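Raw start12.csv, CSV, C-alpha atoms:
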chain,number,residue,atom,x,y,z
F,4,MET,CA,123.3,148.2,90.7
F,5,ASP,CA,121.1,145.8,92.5
F,6,TYR,CA,117.5,147.0,92.3
F,7,SER,CA,116.0,143.8,93.8
F,8,ARG,CA,114.2,145.4,96.7
F,9,GLN,CA,112.4,147.9,94.5
F,10,LEU,CA,111.7,145.4,91.8
F,11,ILE,CA,109.5,143.5,94.3
F,12,LEU,CA,107.1,146.5,94.3
F,13,PRO,CA,104.2,145.4,92.0
F,14,GLN,CA,103.8,149.0,90.8
F,15,LEU,CA,107.3,149.1,89.5
F,16,GLY,CA,108.4,145.5,88.5
F,17,SER,CA,111.1,144.9,85.9
F,18,SER,CA,109.3,146.6,83.1
F,19,GLY,CA,109.0,149.8,85.2
F,20,GLN,CA,112.6,149.5,86.1
F,21,GLN,CA,113.6,149.3,82.5
F,22,LYS,CA,111.7,152.5,81.8
F,23,LEU,CA,113.6,154.2,84.5
F,24,LEU,CA,116.9,152.9,83.0
F,25,ASP,CA,115.9,154.2,79.6
F,26,SER,CA,114.9,157.7,81.0
F,27,ARG,CA,116.8,160.9,80.4
F,28,VAL,CA,116.1,163.5,83.2
F,29,LEU,CA,117.5,167.0,83.4
F,30,VAL,CA,118.0,168.6,86.8
F,31,VAL,CA,118.1,172.4,86.5
F,32,GLY,CA,120.1,173.7,89.5
F,33,ALA,CA,122.5,171.9,91.8
F,34,GLY,CA,121.7,173.8,95.0
F,35,GLY,CA,119.3,172.8,97.9
F,36,LEU,CA,116.7,171.0,95.8
F,37,GLY,CA,119.3,169.8,93.3
F,38,CYS,CA,121.4,168.1,96.0
F,39,ALA,CA,118.3,166.4,97.4
F,40,VAL,CA,117.1,165.0,94.0
F,41,LEU,CA,120.3,164.0,92.3
F,42,PRO,CA,121.4,161.0,94.5
F,43,TYR,CA,117.8,159.6,94.6
F,44,LEU,CA,117.3,159.9,90.9
F,45,ALA,CA,120.5,158.0,90.3
F,46,ALA,CA,119.9,155.4,93.0
F,47,ALA,CA,116.4,154.7,91.6
F,48,GLY,CA,118.0,153.9,88.3
F,49,ILE,CA,117.3,156.9,86.0
F,50,GLY,CA,119.7,156.0,83.2
F,51,THR,CA,120.8,159.4,82.1
F,52,ILE,CA,120.9,162.4,84.3
F,53,GLY,CA,121.6,165.9,83.0
F,54,LEU,CA,122.7,168.7,85.3
F,55,ILE,CA,122.9,172.3,84.6
F,56,ASP,CA,124.2,175.0,87.0
F,57,GLY,CA,126.8,177.8,86.7
F,58,ASP,CA,127.0,178.6,90.4
F,59,LEU,CA,130.0,178.0,92.7
F,60,ILE,CA,129.9,176.3,96.1
F,61,ALA,CA,129.8,178.7,99.0
F,62,ALA,CA,130.2,178.1,102.8
F,63,SER,CA,126.6,179.1,103.4
F,64,ASN,CA,125.4,176.3,101.1
F,65,LEU,CA,126.8,173.4,103.1
F,66,HIS,CA,124.1,173.1,105.7
F,67,ARG,CA,121.6,172.0,103.1
F,68,GLN,CA,123.6,171.1,100.0
F,69,LEU,CA,124.9,167.8,101.2
F,70,LEU,CA,126.8,166.7,98.1
F,71,TYR,CA,129.6,169.2,98.9
F,72,THR,CA,132.2,169.6,101.6
F,73,GLU,CA,134.3,172.6,103.0
F,74,ARG,CA,137.2,171.6,100.7
F,75,GLN,CA,135.1,172.3,97.6
F,76,ILE,CA,134.1,175.9,98.5
F,77,GLY,CA,134.7,178.0,95.4
F,78,LEU,CA,134.4,175.1,93.0
F,79,SER,CA,131.7,174.5,90.3
F,80,LYS,CA,128.6,173.0,91.8
F,81,ALA,CA,127.8,171.2,88.5
F,82,LEU,CA,131.3,169.6,88.2
F,83,GLU,CA,131.5,168.6,91.9
F,84,ALA,CA,128.0,167.1,91.8
F,85,GLU,CA,129.1,165.1,88.7
F,86,LYS,CA,132.1,163.7,90.7
F,87,TYR,CA,129.8,162.7,93.5
F,88,LEU,CA,127.4,160.9,91.2
F,89,LYS,CA,130.1,159.2,89.2
F,90,ALA,CA,131.7,157.9,92.5
F,91,HIS,CA,128.5,156.6,94.0
F,92,PHE,CA,126.6,155.6,90.8
F,93,PRO,CA,129.1,154.6,88.2
F,94,GLU,CA,126.5,153.0,85.9
F,95,THR,CA,124.6,156.3,85.6
F,96,ASP,CA,125.3,158.4,82.5
F,97,VAL,CA,125.9,162.0,83.8
F,98,GLN,CA,125.8,164.9,81.4
F,99,VAL,CA,126.9,168.2,82.9
F,100,PHE,CA,126.4,171.7,81.7
F,101,ASP,CA,128.6,174.0,83.8
F,102,GLN,CA,126.6,177.2,83.0
F,103,PHE,CA,123.4,178.9,84.0
F,104,LEU,CA,120.2,178.2,82.0
F,105,ASN,CA,119.3,181.2,79.8
F,106,GLN,CA,117.3,182.1,76.8
F,107,ALA,CA,120.2,181.2,74.5
F,108,ASN,CA,120.9,177.7,75.7
F,109,ALA,CA,117.5,176.5,77.1
F,110,GLN,CA,116.0,174.9,74.0
F,111,LEU,CA,119.3,173.3,72.9
F,112,ILE,CA,119.8,171.6,76.3
F,113,LEU,CA,116.3,170.7,77.3
F,114,GLN,CA,115.6,169.0,74.0
F,115,GLN,CA,118.0,166.3,74.9
F,116,PHE,CA,115.8,165.1,77.7
F,117,ASP,CA,112.5,163.4,78.4
F,118,LEU,CA,111.6,165.4,81.5
F,119,VAL,CA,113.0,168.3,83.5
F,120,ILE,CA,113.2,168.8,87.3
F,121,ASP,CA,113.1,172.4,88.5
F,122,ALA,CA,115.7,172.9,91.2
F,123,THR,CA,116.2,176.6,90.6
F,124,ASP,CA,115.7,179.4,93.1
F,125,GLU,CA,114.2,182.2,91.1
F,126,ILE,CA,110.9,182.9,89.5
F,127,SER,CA,112.3,184.1,86.1
F,128,ALA,CA,114.0,180.7,85.6
F,129,ARG,CA,110.7,178.9,86.1
F,130,TYR,CA,109.0,181.0,83.4
F,131,LEU,CA,111.9,180.1,81.0
F,132,LEU,CA,111.7,176.4,81.9
F,133,ASN,CA,107.9,176.5,81.4
F,134,ASP,CA,107.9,178.2,78.1
F,135,THR,CA,110.8,176.0,76.7
F,136,CYS,CA,109.1,172.8,78.0
F,137,GLU,CA,105.8,173.8,76.4
F,138,LEU,CA,107.6,174.5,73.1
F,139,LEU,CA,109.3,171.1,73.2
F,140,GLY,CA,106.3,169.2,74.6
F,141,ILE,CA,108.0,167.8,77.6
F,142,PRO,CA,106.8,167.7,81.2
F,143,TRP,CA,108.6,169.4,84.1
F,144,VAL,CA,108.4,168.8,87.8
F,145,TYR,CA,108.1,172.0,89.8
F,146,GLY,CA,109.4,172.4,93.3
F,147,SER,CA,110.0,175.6,95.3
F,148,ILE,CA,110.1,176.6,98.9
F,149,HIS,CA,109.4,179.5,101.2
F,150,GLN,CA,110.9,179.0,104.7
F,151,PHE,CA,109.1,175.9,106.1
F,152,GLN,CA,106.6,175.5,103.3
F,153,GLY,CA,107.1,174.0,99.9
F,154,GLN,CA,105.1,173.7,96.6
F,155,VAL,CA,105.2,170.8,94.2
F,156,SER,CA,103.4,170.3,90.9
F,157,VAL,CA,103.9,168.7,87.5
F,158,PHE,CA,103.4,170.9,84.5
F,159,ASN,CA,102.8,170.3,80.8
F,160,TYR,CA,102.2,166.6,81.4
F,161,GLN,CA,100.2,164.9,78.6
F,162,GLY,CA,98.7,168.3,77.5
F,163,GLY,CA,97.9,169.3,81.1
F,164,PRO,CA,98.2,172.8,82.5
F,165,ASN,CA,101.5,174.6,83.0
F,166,TYR,CA,103.1,177.2,85.3
F,167,ARG,CA,101.5,180.1,83.5
F,168,ASP,CA,98.1,178.6,83.9
F,169,LEU,CA,98.8,178.6,87.7
F,170,PHE,CA,100.8,181.8,88.1
F,171,PRO,CA,100.1,184.0,85.0
F,172,THR,CA,102.0,187.0,86.4
F,173,PRO,CA,105.5,187.0,87.9
F,174,ASP,CA,105.5,188.2,91.5
F,175,PRO,CA,107.9,191.1,92.0
F,176,ALA,CA,107.8,190.5,95.7
F,177,ALA,CA,109.1,186.9,95.6
F,178,VAL,CA,112.1,186.2,97.7
F,179,SER,CA,114.9,183.6,97.4
F,180,CYS,CA,116.3,181.3,100.1
F,181,SER,CA,119.2,183.7,100.8
F,182,ASP,CA,116.7,186.4,101.7
F,183,ALA,CA,113.9,184.4,103.3
F,184,GLY,CA,116.0,181.8,105.1
F,185,VAL,CA,115.9,178.0,104.7
F,186,ILE,CA,116.8,174.8,106.5
F,187,GLY,CA,117.9,171.6,104.9
F,188,THR,CA,114.9,169.5,105.9
F,189,THR,CA,112.5,171.7,103.8
F,190,VAL,CA,114.5,171.3,100.6
F,191,GLY,CA,115.1,167.6,101.4
F,192,LEU,CA,111.4,166.9,101.7
F,193,ILE,CA,110.3,168.9,98.7
F,194,GLY,CA,113.1,167.3,96.6
F,195,MET,CA,111.9,163.8,97.6
F,196,LEU,CA,108.4,164.6,96.5
F,197,GLN,CA,109.7,165.8,93.1
F,198,VAL,CA,111.8,162.7,92.6
F,199,ASN,CA,108.7,160.6,93.5
F,200,GLU,CA,106.8,162.4,90.7
F,201,VAL,CA,109.6,161.7,88.2
F,202,LEU,CA,109.5,158.0,89.1
F,203,LYS,CA,105.8,157.8,88.7
F,204,ILE,CA,105.8,159.6,85.4
F,205,GLN,CA,108.7,157.7,83.9
F,206,ALA,CA,107.8,154.2,85.1
F,207,GLY,CA,104.0,154.8,84.7
F,208,PHE,CA,102.5,154.1,88.1
F,209,GLY,CA,100.5,156.1,90.7
F,210,LYS,CA,98.7,159.4,90.2
F,211,VAL,CA,100.7,162.3,88.8
F,212,LEU,CA,100.3,165.8,90.3
F,213,SER,CA,99.2,167.3,87.1
F,214,GLY,CA,96.5,170.1,87.4
F,215,LYS,CA,97.2,170.1,91.1
F,216,ILE,CA,99.6,172.0,93.4
F,217,LEU,CA,100.7,170.4,96.6
F,218,ILE,CA,101.7,172.7,99.5
F,219,TYR,CA,103.5,171.1,102.4
F,220,ASP,CA,103.9,173.0,105.7
F,221,LEU,CA,106.6,171.5,107.8
F,222,LEU,CA,105.7,173.5,110.9
F,223,ALA,CA,102.2,172.2,111.0
F,224,CYS,CA,103.1,168.8,109.4
F,225,SER,CA,100.1,169.4,107.0
F,226,GLN,CA,99.7,169.2,103.3
F,227,GLN,CA,97.0,170.6,101.1
F,228,ILE,CA,96.4,170.0,97.4
F,229,PHE,CA,94.7,172.6,95.2
F,230,ASP,CA,93.2,171.9,91.8
F,231,PHE,CA,93.7,174.2,88.9
F,232,GLU,CA,92.9,174.1,85.2
F,233,LYS,CA,94.4,175.0,81.8
F,234,LYS,CA,93.4,178.5,81.0
F,235,PRO,CA,91.4,178.8,77.7
F,236,LYS,CA,93.4,180.6,75.0
F,237,LYS,CA,92.3,184.2,74.7
F,238,ARG,CA,89.3,184.2,72.5
F,239,ASP,CA,89.2,186.4,69.4
F,240,LEU,CA,86.1,188.5,69.7
F,241,SER,CA,85.3,187.9,66.1
F,242,GLU,CA,85.1,184.2,66.9
F,243,ARG,CA,82.7,184.8,69.7
F,244,LYS,CA,79.7,182.5,69.4
F,245,SER,CA,76.6,184.4,68.3
F,246,PHE,CA,73.2,183.4,69.6
F,247,PRO,CA,69.8,183.8,67.9
F,248,LEU,CA,68.0,187.0,68.9
F,249,LEU,CA,64.3,186.9,69.9
F,250,SER,CA,61.8,189.7,70.2
F,251,PHE,CA,59.8,189.9,73.5
F,252,GLN,CA,56.8,188.6,71.6
F,253,GLU,CA,58.6,185.6,70.2
F,254,ALA,CA,60.1,184.8,73.6
F,255,VAL,CA,56.8,185.0,75.5
F,256,ARG,CA,54.9,183.0,72.9
F,257,SER,CA,57.5,180.3,72.5
F,258,GLU,CA,57.0,179.0,76.0
F,259,ARG,CA,60.7,178.7,76.4
F,260,MET,CA,62.3,179.3,79.8
F,261,ILE,CA,62.8,183.1,80.2
F,262,MET,CA,65.9,183.5,82.3
F,263,ASP,CA,66.6,186.9,84.0
F,264,VAL,CA,70.3,187.1,84.9
F,265,ARG,CA,70.1,190.3,86.8
F,266,GLU,CA,71.0,190.2,90.5
F,267,ILE,CA,68.3,189.8,93.2
F,268,GLY,CA,66.5,193.1,94.0
F,269,GLU,CA,67.2,194.9,90.7
F,270,VAL,CA,64.3,196.8,89.4
F,271,PRO,CA,61.9,196.6,87.6
F,272,GLN,CA,60.8,193.3,88.9
F,273,ILE,CA,59.3,191.0,86.3
F,274,SER,CA,56.6,188.4,86.9
F,275,MET,CA,55.4,186.0,84.2
F,276,ASP,CA,55.0,182.3,83.3
F,277,ASN,CA,58.2,180.3,82.6
F,278,TYR,CA,60.3,183.0,84.3
F,279,LEU,CA,63.4,182.1,86.3
F,280,GLN,CA,65.8,184.5,87.9
F,281,VAL,CA,69.4,183.2,88.0
F,282,PRO,CA,71.8,186.0,88.9
F,283,LEU,CA,74.9,186.0,86.7
F,284,SER,CA,77.1,185.9,89.8
F,285,ARG,CA,75.6,182.5,90.7
F,286,LEU,CA,74.9,181.2,87.2
F,287,SER,CA,77.7,178.7,87.0
F,288,GLU,CA,76.6,177.0,90.2
F,289,MET,CA,72.8,177.2,89.7
F,290,ALA,CA,73.0,176.0,86.0
F,291,LYS,CA,74.4,172.7,87.2
F,292,SER,CA,70.9,171.6,88.2
F,293,LEU,CA,69.3,172.6,84.8
F,294,ASP,CA,68.7,170.3,81.9
F,295,ARG,CA,71.3,171.1,79.2
F,296,GLU,CA,68.8,170.4,76.4
F,297,LYS,CA,66.3,173.0,77.8
F,298,GLU,CA,65.5,175.9,75.6
F,299,ILE,CA,66.5,179.1,77.4
F,300,SER,CA,65.9,182.8,76.4
F,301,ILE,CA,68.0,185.2,78.4
F,302,PHE,CA,67.6,188.9,79.2
F,303,CYS,CA,69.1,191.4,81.7
F,304,GLN,CA,69.0,195.1,82.2
F,305,SER,CA,70.9,196.2,79.0
F,306,GLY,CA,72.0,193.1,77.1
F,307,LYS,CA,75.6,192.9,78.3
F,308,ARG,CA,75.1,190.4,81.0
F,309,SER,CA,72.8,188.3,78.8
F,310,GLN,CA,75.7,187.8,76.4
F,311,GLN,CA,78.1,186.8,79.2
F,312,ALA,CA,75.5,184.4,80.6
F,313,ALA,CA,74.9,182.9,77.1
F,314,ASP,CA,78.7,182.4,76.7
F,315,LEU,CA,78.9,180.8,80.1
F,316,LEU,CA,76.0,178.4,79.5
F,317,HIS,CA,77.3,177.6,76.0
F,318,SER,CA,80.7,176.7,77.6
F,319,MET,CA,78.9,174.4,80.0
F,320,GLY,CA,77.2,172.5,77.2
F,321,PHE,CA,73.8,174.1,77.0
F,322,ALA,CA,72.7,173.8,73.4
F,323,GLN,CA,69.5,175.8,73.1
F,324,ILE,CA,70.3,179.4,74.0
F,325,GLN,CA,68.7,182.5,72.6
F,326,LEU,CA,69.0,186.2,73.6
F,327,ILE,CA,66.0,188.5,74.0
F,328,LYS,CA,66.4,191.8,72.3
F,329,GLY,CA,66.1,194.8,74.7
F,330,GLY,CA,66.4,195.2,78.5
F,331,ALA,CA,64.2,194.7,81.5
F,332,ASN,CA,62.4,198.1,81.3
F,333,GLU,CA,61.3,197.5,77.7
F,334,PHE,CA,60.3,194.0,78.6
F,335,LEU,CA,58.1,195.2,81.4
F,336,ALA,CA,56.5,197.8,79.1
F,337,TYR,CA,55.8,195.1,76.6
F,338,LEU,CA,54.2,192.8,79.2
F,339,ASN,CA,52.0,195.7,80.5
F,340,TYR,CA,51.0,196.5,76.9
F,341,GLU,CA,50.0,192.9,76.3
F,342,LYS,CA,48.0,192.9,79.5
F,343,ASP,CA,46.2,196.1,78.5
F,344,ILE,CA,45.1,194.9,75.1
F,345,SER,CA,44.0,191.4,76.2
W,292,MET,CA,81.8,181.7,109.0
W,293,ILE,CA,84.4,181.7,106.2
W,294,LYS,CA,88.0,180.5,106.9
W,295,VAL,CA,90.8,182.2,105.1
W,296,HIS,CA,94.3,180.6,104.8
W,297,TYR,CA,97.5,182.5,103.8
W,298,PHE,CA,100.6,180.9,102.4
W,299,GLY,CA,104.2,181.9,101.9
W,300,ILE,CA,105.0,185.6,101.8
W,301,ILE,CA,101.3,186.5,102.0
W,302,ALA,CA,101.2,184.9,105.5
W,303,GLU,CA,104.2,187.0,106.5
W,304,ALA,CA,102.5,190.2,105.1
W,305,ALA,CA,99.3,189.3,106.9
W,306,ALA,CA,101.2,188.3,110.1
W,307,CYS,CA,98.9,185.2,110.4
W,308,GLU,CA,98.4,181.9,108.6
W,309,GLN,CA,94.6,181.9,108.9
W,310,GLU,CA,91.6,183.9,110.1
W,311,SER,CA,87.9,183.5,110.2
W,312,ILE,CA,85.5,185.9,108.7
W,313,SER,CA,82.1,186.1,110.4
W,314,SER,CA,79.9,187.1,107.5
W,315,SER,CA,78.3,184.0,106.0
W,316,LYS,CA,77.4,185.4,102.6
W,317,ILE,CA,79.8,187.6,100.7
W,318,GLY,CA,81.1,187.9,97.1
W,319,LEU,CA,84.6,186.5,96.7
W,320,GLN,CA,85.8,189.6,94.9
W,321,SER,CA,84.7,191.9,97.8
W,322,LEU,CA,86.3,189.6,100.4
W,323,ILE,CA,89.6,189.8,98.5
W,324,GLY,CA,89.3,193.5,98.3
W,325,ASP,CA,88.6,193.8,102.0
W,326,LEU,CA,91.6,191.6,103.0
W,327,LYS,CA,94.0,193.2,100.5
W,328,GLU,CA,93.2,196.5,102.2
W,329,LYS,CA,93.4,195.1,105.7
W,330,HIS,CA,96.8,193.5,105.2
W,331,GLN,CA,98.2,195.9,102.6
W,332,LEU,CA,98.6,193.1,99.9
W,333,ASP,CA,98.4,195.4,96.8
W,334,SER,CA,102.0,194.8,95.8
W,335,TYR,CA,101.8,191.0,95.9
W,336,GLU,CA,100.8,188.5,93.2
W,337,PHE,CA,98.8,185.6,94.3
W,338,GLN,CA,96.1,183.1,93.3
W,339,ILE,CA,92.8,182.6,95.1
W,340,ALA,CA,91.4,179.1,95.9
W,341,VAL,CA,88.0,178.3,97.2
W,342,ASN,CA,87.5,174.9,98.8
W,343,ARG,CA,90.9,173.9,97.3
W,344,LYS,CA,90.1,174.9,93.8
W,345,ILE,CA,91.9,177.8,92.2
W,346,ILE,CA,89.5,180.4,90.9
W,347,PRO,CA,90.6,182.2,87.7
W,348,ASP,CA,87.8,184.8,87.9
W,349,PRO,CA,86.7,185.6,91.4
W,350,SER,CA,84.1,188.2,90.3
W,351,ALA,CA,81.4,185.5,89.6
W,352,ILE,CA,81.8,183.7,92.9
W,353,GLN,CA,79.5,184.1,95.9
W,354,LEU,CA,80.8,182.6,99.1
W,355,GLU,CA,78.7,180.5,101.5
W,356,ASN,CA,79.0,179.7,105.1
W,357,GLY,CA,81.8,177.1,105.7
W,358,ASP,CA,83.7,177.9,102.5
W,359,GLU,CA,87.5,178.0,102.8
W,360,VAL,CA,89.5,180.6,100.9
W,361,ALA,CA,93.2,180.4,100.3
W,362,PHE,CA,95.7,183.1,99.2
W,363,LEU,CA,98.5,181.3,97.2
W,364,PRO,CA,101.6,183.1,96.0
W,365,ALA,CA,104.3,181.4,93.9
W,366,PHE,CA,107.2,180.4,96.1
W,367,SER,CA,110.6,181.0,94.7
W,368,GLY,CA,113.3,179.4,96.8
W,369,GLY,CA,115.0,176.1,96.1
As structure tokens, how would this structure be written, given the file I've shared?
Amino acid sequence: MDYSRQLILPQLGSSGQQKLLDSRVLVVGAGGLGCAVLPYLAAAGIGTIGLIDGDLIAASNLHRQLLYTERQIGLSKALEAEKYLKAHFPETDVQVFDQFLNQANAQLILQQFDLVIDATDEISARYLLNDTCELLGIPWVYGSIHQFQGQVSVFNYQGGPNYRDLFPTPDPAAVSCSDAGVIGTTVGLIGMLQVNEVLKIQAGFGKVLSGKILIYDLLACSQQIFDFEKKPKKRDLSERKSFPLLSFQEAVRSERMIMDVREIGEVPQISMDNYLQVPLSRLSEMAKSLDREKEISIFCQSGKRSQQAADLLHSMGFAQIQLIKGGANEFLAYLNYEKDIS
Amino acid sequence: MIKVHYFGIIAEAAACEQESISSSKIGLQSLIGDLKEKHQLDSYEFQIAVNRKIIPDPSAIQLENGDEVAFLPAFSGG
């Protein structure tokens, strides 16, 4: 294959091209997205392409699955796609699995590849892909569509977030193309964005869509990118950070900042030196302007929100946090008592 | 004014892709509750983004005038 025109691209060059030639990429599904990505992966020079699908070609597929013709209706998608790739890209090593991906074969098949492209059309397959890729430590390029909209993201890339971080709970209301409707341009465009991510990852150029989900709307010709993060592993309560406890007297005399994390308007109201009210609902935002080395003693109405606030501040890097024993009513009583005796 | 965007099957259920909410200060959790009730979204799974950042815990977020909220379901077709 003559790659001279793409070799001119400074982002790729001959070293990037060699990385593509050395790559092993698995395409899961040979339907709408699969038919879009397969020829472009092979044409760009991905050396080994795996393909898994157990489905048969149907007449209703042909308007968007352009690798197949009417004469192939009823035949295996995986085997017919393999014929297409071998005829057009004889230098590509094509490895075909004429079966559906399932719990029993996923690990065995995926472990033979560096990267996986999701070209499936159901949510449960994506959870299986996600969990298997996480187990094997390989990235996968997600693509899915709903009518004229498509989503693209890269999961499990260099320790980045995965599908479960984005969508922790399967949606029982999710619908497939056969129910929601689909036109070829939508799968074509989303498939191109997926291949583009594969080339960037494998050759090492550009910015990878990790920790971001791109949503393209073909009706409005608009795209939006949303950021998301890896979810912290559920914390064992026994591992919860414990903070030093102060009495009212210790807190007042230490001249530390006294932080009230109750919401505005909660009674009793407290007024004293070094006092700052930062409602828990706004703490993450307001704490950004505070010095992380500042000594802070926290109280609320009963103690519950103080603990949450302390956990949050601790996770933001505040090092000097203490909790005040007792709630706001007792605190006020203590302050009045101090005033009376002085 | 707070702008709300709906995507995928949520836009179908809400029968619109975006709407503006006139209140300038509202908790994210209560806005979600109001819109779930208004558009009958209880049976759907979706994520919420504010200003293009997905929010894992909406209960601690207070919206401000000009914020953009998005309802994001997983798509499933391919």
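Shortest atom-to-atom contact with Ser63 of chain F among F:Val201, F:Ala33, F:Ile186, F:Ile126: F:Ile186, counting only C-alpha atoms.
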ask   = Counting only C-alpha atoms, which residues from chain W have an atom at most 9 Å from any atom of chain F, and could you show them as a list in words?
value = Phe298, Gly299, Ile300, Gly318, Ser334, Tyr335, Glu336, Phe337, Gln338, Ala340, Asn342, Arg343, Lys344, Ile345, Ile346, Pro347, Ser350, Ala351, Ile352, Gln353, Pro364, Ala365, Phe366, Ser367, Gly368 and Gly369 of chain W
Atom pair atom CA of Ile11 of chain F + atom CA of Asp96 of chain F, distance 24.7 Å
Item to complete: Figure out the distance between atom CA of Ala302 of chain W and atom CA of Gly357 of chain W, please, to one decimal in Å.
Response: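 Answer for the atom CA of Gly357 of chain W to atom CA of Ala302 of chain W separation: 20.9 Å.
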Open item on the list: What's the separation between atom CA of Gly48 of chain F and atom CA of Gln20 of chain F, in Å to one decimal place?
Closed with: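 Distance between the two atoms: 7.3 Å.
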- prompt: Residues at most 7 Å from segment 28-30 of chain F, counting all atoms listed in the file, excluding those fewer than 5 positions away in the same chain, as number ranges by chain?
  reply: F: 37, 51-55, 116-122
Deliver the residues from the most recent selection as a file, using C-alpha atoms, as a CSV table (one decimal), in the coordinates of the input.
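Final output, saved to selection_9.csv:
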chain,number,residue,atom,x,y,z
F,37,GLY,CA,119.3,169.8,93.3
F,51,THR,CA,120.8,159.4,82.1
F,52,ILE,CA,120.9,162.4,84.3
F,53,GLY,CA,121.6,165.9,83.0
F,54,LEU,CA,122.7,168.7,85.3
F,55,ILE,CA,122.9,172.3,84.6
F,116,PHE,CA,115.8,165.1,77.7
F,117,ASP,CA,112.5,163.4,78.4
F,118,LEU,CA,111.6,165.4,81.5
F,119,VAL,CA,113.0,168.3,83.5
F,120,ILE,CA,113.2,168.8,87.3
F,121,ASP,CA,113.1,172.4,88.5
F,122,ALA,CA,115.7,172.9,91.2
Env of Lys297 of chain F: 8 Å cut, atoms = only C-alpha atoms, seq-sep filter 2 positions within chain, self excluded. Answer as a VMD selection string. chain F and resid 260 293 to 295 299 321 to 323
Using only C-alpha atoms, the best pick from F:Val99, F:Ala39, F:Met4, F:Met262 as closest to Asn199 of chain F would be F:Ala39
